[in-house]
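Peer 1: Pasting a structure here, questions to come.
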Amino acid sequence: MDIPRQAVSFLTSRGLKLATAESCTAGYIASLISSVPGSGACLDVGFVTYSPTGKAGFLGVRKETMEQHGLTSEEVAREMAEGALQQEACCADVAVSNTGVADAAPGGGPPPGTQCFAWSYRSRDGEIVTFSETKKFEGERNDVRRAAALYALSRVEHYFDLRYAR
């Protein structure tokens with residue numbers, strides 16, 4: 001199953017544009033999409049916000065959210081995805097975000113491989129609906145990053161369908 005190709009096909013068939021807001025995957029999601037011929041029709045913008053200041057400054061993630069829930073949290077992932085869609089120059093209808101730990105975090109924290117995701121969808125009237133989940137992946141650092149990027153793309157259509165089934 002070619003997940004990036006399926007995601008591009010799904011997005012282009014519906015005339016949707018995608019924004020990515022990535023931390024742990026550091027651009028891997030956008031890279032996978034852009035590897036598919038014709039992806040220019042559906043990829044709008046990608047943000048790599050590895051640091052807390054980047055998350056806050058570029059995506060509007062609130063400091064309180066990061067302090068209260070931690071960087072590896074669905075709450076932060078949700079604010080990242082919603083923040084991407086709210087950027088003035090962003091014309092995407094869909095945003096996917098990722099934040100997590102690929103290997104052991106210094107000083108404890110979430111288990112290695114813990115990844116938090118969010119998928120935000122903007123309707124024609126401007127309403128944004130967001131879904132999120134946490135998943136744990138096994139393997140070496142870059143195996144976790146690749147698995148997380150593929151997983152993020154694999155759920156774009158699923159949550160789109162849920163969004164419009166409501």
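Letters A, B, ... go to the chains of the structure tokens in the order shown; residues in each chain start at 1; ligands are counted from 1 in the same order.
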Which neighbours of range 34-45 of chain A fall inside 12 Å, counting only C-alpha atoms, when residues of the same chain fewer than 4 positions from it are skipped, and could you give them as an MDAnalysis selection string?

Peer 2: chainID A and resid 2:22 27:30 81 84:85 87:96

Peer 1: Which residues, written as a count of residues only, have at least one atom at most 6 Å from Cys24 in chain A, with only C-alpha atoms counted and residues fewer than 2 positions away on the same chain left out?

Peer 2: 3

Peer 1: I'd like to know which of A:Arg163, A:Arg78, A:Arg146, A:Lys63 is closest to Ser31 in chain A, using only C-alpha atoms.

Peer 2: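 Using only C-alpha atoms, the shortest distance to Ser31 in chain A belongs to A:Arg146.
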
Peer 1: Could you please determine the separation between CA of Arg141 in chain A and CA of Val101 in chain A in Å, to one decimal place?

Peer 2: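 Separation between CA of Arg141 in chain A and CA of Val101 in chain A: 8.6 Å.
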
Peer 1: I need the residues in chain A that are strand (DSSP E or B) according to DSSP; give them as an MDAnalysis selection string.

Peer 2: chainID A and resid 18:22 43:48 94:100 114:122 128:136

Peer 1: Using Å and a single decimal, report how far CA of Gln86 in chain A sits from CA of Val144 in chain A.

Peer 2: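 These two atoms are separated by 28.5 Å.
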
Peer 1: Point out the residue among A:Glu67, A:Glu82, A:Asp103, A:Glu74 with the least atom-to-atom distance to Glu138 in chain A, counting only C-alpha atoms.

Peer 2: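 Comparing A:Glu67, A:Glu82, A:Asp103, A:Glu74 against Glu138 in chain A, the winner is A:Asp103.
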
Peer 1: Find the residue from A:Val61, A:Leu71, A:Val76, A:Ala102 that sits nearest to Ala149 in chain A; use only C-alpha atoms when measuring.

Peer 2: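 Ranking A:Val61, A:Leu71, A:Val76, A:Ala102 by distance to Ala149 in chain A, first place goes to A:Ala102.
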
Peer 1: Grab the CA of Gly107 in chain A to CA of Tyr151 in chain A distance for me, in Å with one decimal place.

Peer 2: 27.4 Å

Peer 1: Name the closest residue to Lys135 in chain A among the candidates A:Trp119, A:Thr53, A:Thr72, A:Ala105; distances are taken between atoms, counting only C-alpha atoms.

Peer 2: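 Closest residue, counting only C-alpha atoms: A:Thr72.
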
Peer 1: What lies within 8 Å of Ala77 in chain A using only C-alpha atoms, ignoring chain neighbours under 4 positions off, as a list in words?

Peer 2: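 Within the cut-off, the hits are Thr72, Ser73, Ala81, Ser97, Asn98, Thr99, Cys116, Phe117, Ala118 and Ser132 of chain A.
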
Peer 1: Could you take the residues named above and write them with N, CA and C atoms, as a compact mmCIF listing (two decimals), in the first residue's frame?

Peer 2:
# COMPACT_ATOMS: atom_id res chain seq x y z
N THR A 72 4.88 16.40 24.23
CA THR A 72 4.33 15.19 23.62
C THR A 72 2.93 14.98 24.19
N SER A 73 1.97 15.66 23.58
CA SER A 73 0.58 15.57 24.05
C SER A 73 -0.37 15.86 22.89
N ALA A 81 -1.92 21.82 14.71
CA ALA A 81 -2.70 21.66 13.48
C ALA A 81 -3.62 22.86 13.26
N SER A 97 -0.67 17.30 12.12
CA SER A 97 0.46 17.64 12.97
C SER A 97 0.96 16.41 13.70
N ASN A 98 2.22 16.52 14.15
CA ASN A 98 2.87 15.45 14.88
C ASN A 98 3.82 16.05 15.90
N THR A 99 3.82 15.49 17.09
CA THR A 99 4.80 15.82 18.11
C THR A 99 5.03 14.57 18.94
N CYS A 116 2.14 11.86 19.15
CA CYS A 116 0.81 12.47 19.23
C CYS A 116 0.52 13.16 17.90
N PHE A 117 -0.70 12.98 17.44
CA PHE A 117 -1.12 13.49 16.14
C PHE A 117 -2.40 14.30 16.28
N ALA A 118 -2.60 15.20 15.31
CA ALA A 118 -3.89 15.87 15.18
C ALA A 118 -4.15 16.11 13.70
N SER A 132 -7.68 13.97 17.30
CA SER A 132 -6.32 13.68 17.74
C SER A 132 -6.22 12.28 18.30

Peer 1: Write out as a VMD selection string the residues lying within 7 Å of Lys136 in chain A, counting only C-alpha atoms and excluding same-chain residues fewer than 5 positions away.

Peer 2: chain A and resid 113 to 115

Peer 1: Which of range 23-162 of chain A end up as alpha helix (DSSP H) when DSSP is run on this backbone - answer as a count of residues only?

Peer 2: 55

Peer 1: Taking into account only C-alpha atoms, which residue in the set A:Gly83, A:Gly70, A:Gly46, A:Gly139 is nearest to Pro110 in chain A?

Peer 2: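 Under the stated criterion, the closest residue is A:Gly70.
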
Peer 1: From the options A:Met66, A:Val48, A:Leu162, A:Leu59, which residue's atoms come nearest to Val129 in chain A, counting only C-alpha atoms?

Peer 2: A:Leu162
